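Beneath this line is the structure, given in structure tokens, with notes to follow.
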Amino acid sequence: MIIDGKQIAQQIRQELREEVAAAVAQGKRAPRLGIVIVGHNPASETYVANKMKACAEVGIDAQRIALEETISEAELLREVERLNHDASIDGFIVQLPLPAHICEHTITSAIDYRKDVDGLTPENVGRTAQGLPSIVSATPRGIRELLARYNIPTDGQHVVVIGRSNIVGKPMASLLMQKHERGNATVTLCHSHTKHLKEICLTADIIIVAVGHPGLLTADMVREGATVIDVGINRVPDPNSPKGYRLCGDVDFEQVAPKCAFITPVPGGVGQMTIASLLQNTLQVYGYIR
């Protein structure tokens, strides 16, 4: 079965729209999200535009804060500190990547974890790892939501996560091993130095791939009846496309899909859920502040 991330994201947006409308009807202000973008990276501009549009759809008041690429790290830190103390902003993100002269870790670490709707601060990562209340990184939260809404159990299942990034791989593994109804999995975290990757994957009930390598997961690596979650989004040349390229994931979808009980497509799968989860996180911090 194809997991329809677009449909689930629409359901979530409708739920959030109703929640925001109910809060406003009670005389509360709408949630407010700050979105900081540094420079003019075309991909970042597109991502920010999509986030602004999604916020507007559910009634979140989003503020775009555009800064020039030449801004110094110290100046950006001052802007982060200003947002940390701005009581009118419930949460905010700093769109990544940042210009090369700015350390991303320094900036994300400076965000007040209570306003960290991306779930990337050391405090939120650590609290998630310890099973404490936290703001969960958006993409892992979205994947967990997909599994839950398609009634795909994780309790007692063997989950193989391929990729060890701080944004997806590490928090995903941490999230699914927690003592929780949506966790309780036995998790194996694999990466570029993992030996016998094929053999490990063949033991998995669920495989989550997030490496940015087109077609990495092939049919001979997946057992019959497994669930495959493809987080990758890659541009590959395609002379038949008007754009000269096509989007694909980290999974050889055409060959792998027939073996799977469930599988996410690219596009239309996990990518749709990341923004939906960002909106959920914004409502979460709005709840903290209210």
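Residue numbering restarts at 1 for every chain of the structure tokens, chains are lettered A, B, ... in their displayed order, and ligands are numbered from 1 as they appear.
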
(Q) Report as an NGL selection string all protein, DNA and RNA residues lying within 6 Å of stretch 71-87 of chain A, evaluated on only C-alpha atoms, omitting residues in the same chain fewer than 3 positions from it. (A) :A and (68 or 102 or 112)

Can you spit out the residues from that selection as an mmCIF file, in the first residue's frame, using N, CA and C atoms?
data_model
loop_
_atom_site.group_PDB
_atom_site.id
_atom_site.type_symbol
_atom_site.label_atom_id
_atom_site.label_comp_id
_atom_site.auth_asym_id
_atom_site.auth_seq_id
_atom_site.Cartn_x
_atom_site.Cartn_y
_atom_site.Cartn_z
ATOM 1 N N GLU A 68 20.352 39.728 5.340
ATOM 2 C CA GLU A 68 21.301 39.630 4.236
ATOM 3 C C GLU A 68 22.361 38.565 4.505
ATOM 4 N N ILE A 102 28.924 31.218 8.929
ATOM 5 C CA ILE A 102 28.144 31.127 10.161
ATOM 6 C C ILE A 102 28.027 29.662 10.577
ATOM 7 N N ASP A 112 16.136 29.411 22.314
ATOM 8 C CA ASP A 112 15.455 28.955 23.528
ATOM 9 C C ASP A 112 14.698 27.670 23.193
#

What are the nearest atom pairs, with distances in Å to one decimal, for all residues of stretch 88-146 of chain A that come at most 9 Å from stretch 179-196 of chain A, using only C-alpha atoms, set out by chain and rising residue number as a tab-separated table?
residue	atom	partner	partner_atom	distance
A:Gly131	CA	A:Lys179	CA	7.5
A:Arg144	CA	A:Arg182	CA	7.2
A:Glu145	CA	A:Arg182	CA	8.8

(Q) Can you tell me which residues surround A:Pro97 at a distance of at most 9 Å, considering only C-alpha atoms, apart from same-chain residues fewer than 6 positions away, and format the answer as a list of chain:residue names? (A) A:Val38, A:Asn41, A:Ser44, A:Glu104

Kindly export the residues of the current selection with C-alpha atoms, as a PDB file, in the first residue's frame.
ATOM      1  CA  VAL A  38      19.558  34.484   5.747  1.00  0.00           C
ATOM      2  CA  ASN A  41      19.322  30.554  -1.443  1.00  0.00           C
ATOM      3  CA  SER A  44      15.492  28.047   1.099  1.00  0.00           C
ATOM      4  CA  GLU A 104      24.828  26.332  12.214  1.00  0.00           C
TER       5      GLU A 104
END

Q. Just asking: which residues within stretch 7-152 of chain A are alpha helix (DSSP H) according to DSSP, as a VMD selection string?
A. chain A and resid 7 to 25 42 to 58 73 to 85 104 to 110 122 to 129 138 to 149

So that I can see what lies close to stretch 246-255 of chain A, please list as a PDB file with C-alpha atoms, in the first residue's frame the residues with an atom at most 9 Å from it, counting only C-alpha atoms and leaving out residues fewer than 3 positions away in the same chain.
ATOM      1  CA  VAL A 209      16.136   5.670   4.615  1.00  0.00           C
ATOM      2  CA  ALA A 210      17.503   9.206   4.924  1.00  0.00           C
ATOM      3  CA  VAL A 211      20.873   9.535   3.231  1.00  0.00           C
ATOM      4  CA  GLY A 212      20.387  11.578   0.038  1.00  0.00           C
ATOM      5  CA  HIS A 213      21.585   8.761  -2.236  1.00  0.00           C
ATOM      6  CA  PRO A 214      19.234   7.982  -5.158  1.00  0.00           C
ATOM      7  CA  GLY A 215      18.201   4.336  -5.338  1.00  0.00           C
ATOM      8  CA  LEU A 216      20.330   3.224  -2.389  1.00  0.00           C
ATOM      9  CA  LEU A 217      17.747   0.745  -1.108  1.00  0.00           C
ATOM     10  CA  THR A 218      17.172  -1.963  -3.702  1.00  0.00           C
ATOM     11  CA  ALA A 219      14.692  -4.840  -3.864  1.00  0.00           C
ATOM     12  CA  VAL A 228       9.734   1.265   3.798  1.00  0.00           C
ATOM     13  CA  ILE A 229       9.841   4.981   4.606  1.00  0.00           C
ATOM     14  CA  ASP A 230      11.812   7.022   2.071  1.00  0.00           C
ATOM     15  CA  VAL A 231      13.009  10.361   3.427  1.00  0.00           C
ATOM     16  CA  GLY A 232      15.380  11.140   0.567  1.00  0.00           C
ATOM     17  CA  ILE A 233      14.621  13.739  -2.049  1.00  0.00           C
ATOM     18  CA  ASN A 234      17.094  13.906  -4.907  1.00  0.00           C
ATOM     19  CA  ARG A 235      17.218  15.600  -8.285  1.00  0.00           C
ATOM     20  CA  VAL A 236      18.395  13.297 -11.064  1.00  0.00           C
ATOM     21  CA  PRO A 237      18.830  14.275 -14.731  1.00  0.00           C
ATOM     22  CA  ASP A 238      15.831  13.452 -16.936  1.00  0.00           C
ATOM     23  CA  SER A 241      11.239  16.290 -18.112  1.00  0.00           C
ATOM     24  CA  LYS A 243      12.815  20.913 -16.070  1.00  0.00           C
ATOM     25  CA  PRO A 258       5.878  -4.728  -4.892  1.00  0.00           C
ATOM     26  CA  LYS A 259       7.592  -6.377  -1.914  1.00  0.00           C
ATOM     27  CA  ILE A 263       5.869   2.328   1.266  1.00  0.00           C
ATOM     28  CA  THR A 264       6.127   6.109   0.930  1.00  0.00           C
ATOM     29  CA  PRO A 265       6.520   7.662  -2.522  1.00  0.00           C
ATOM     30  CA  VAL A 266       8.768  10.579  -3.471  1.00  0.00           C
ATOM     31  CA  PRO A 267       7.335  13.108  -3.890  1.00  0.00           C
TER      32      PRO A 267
END
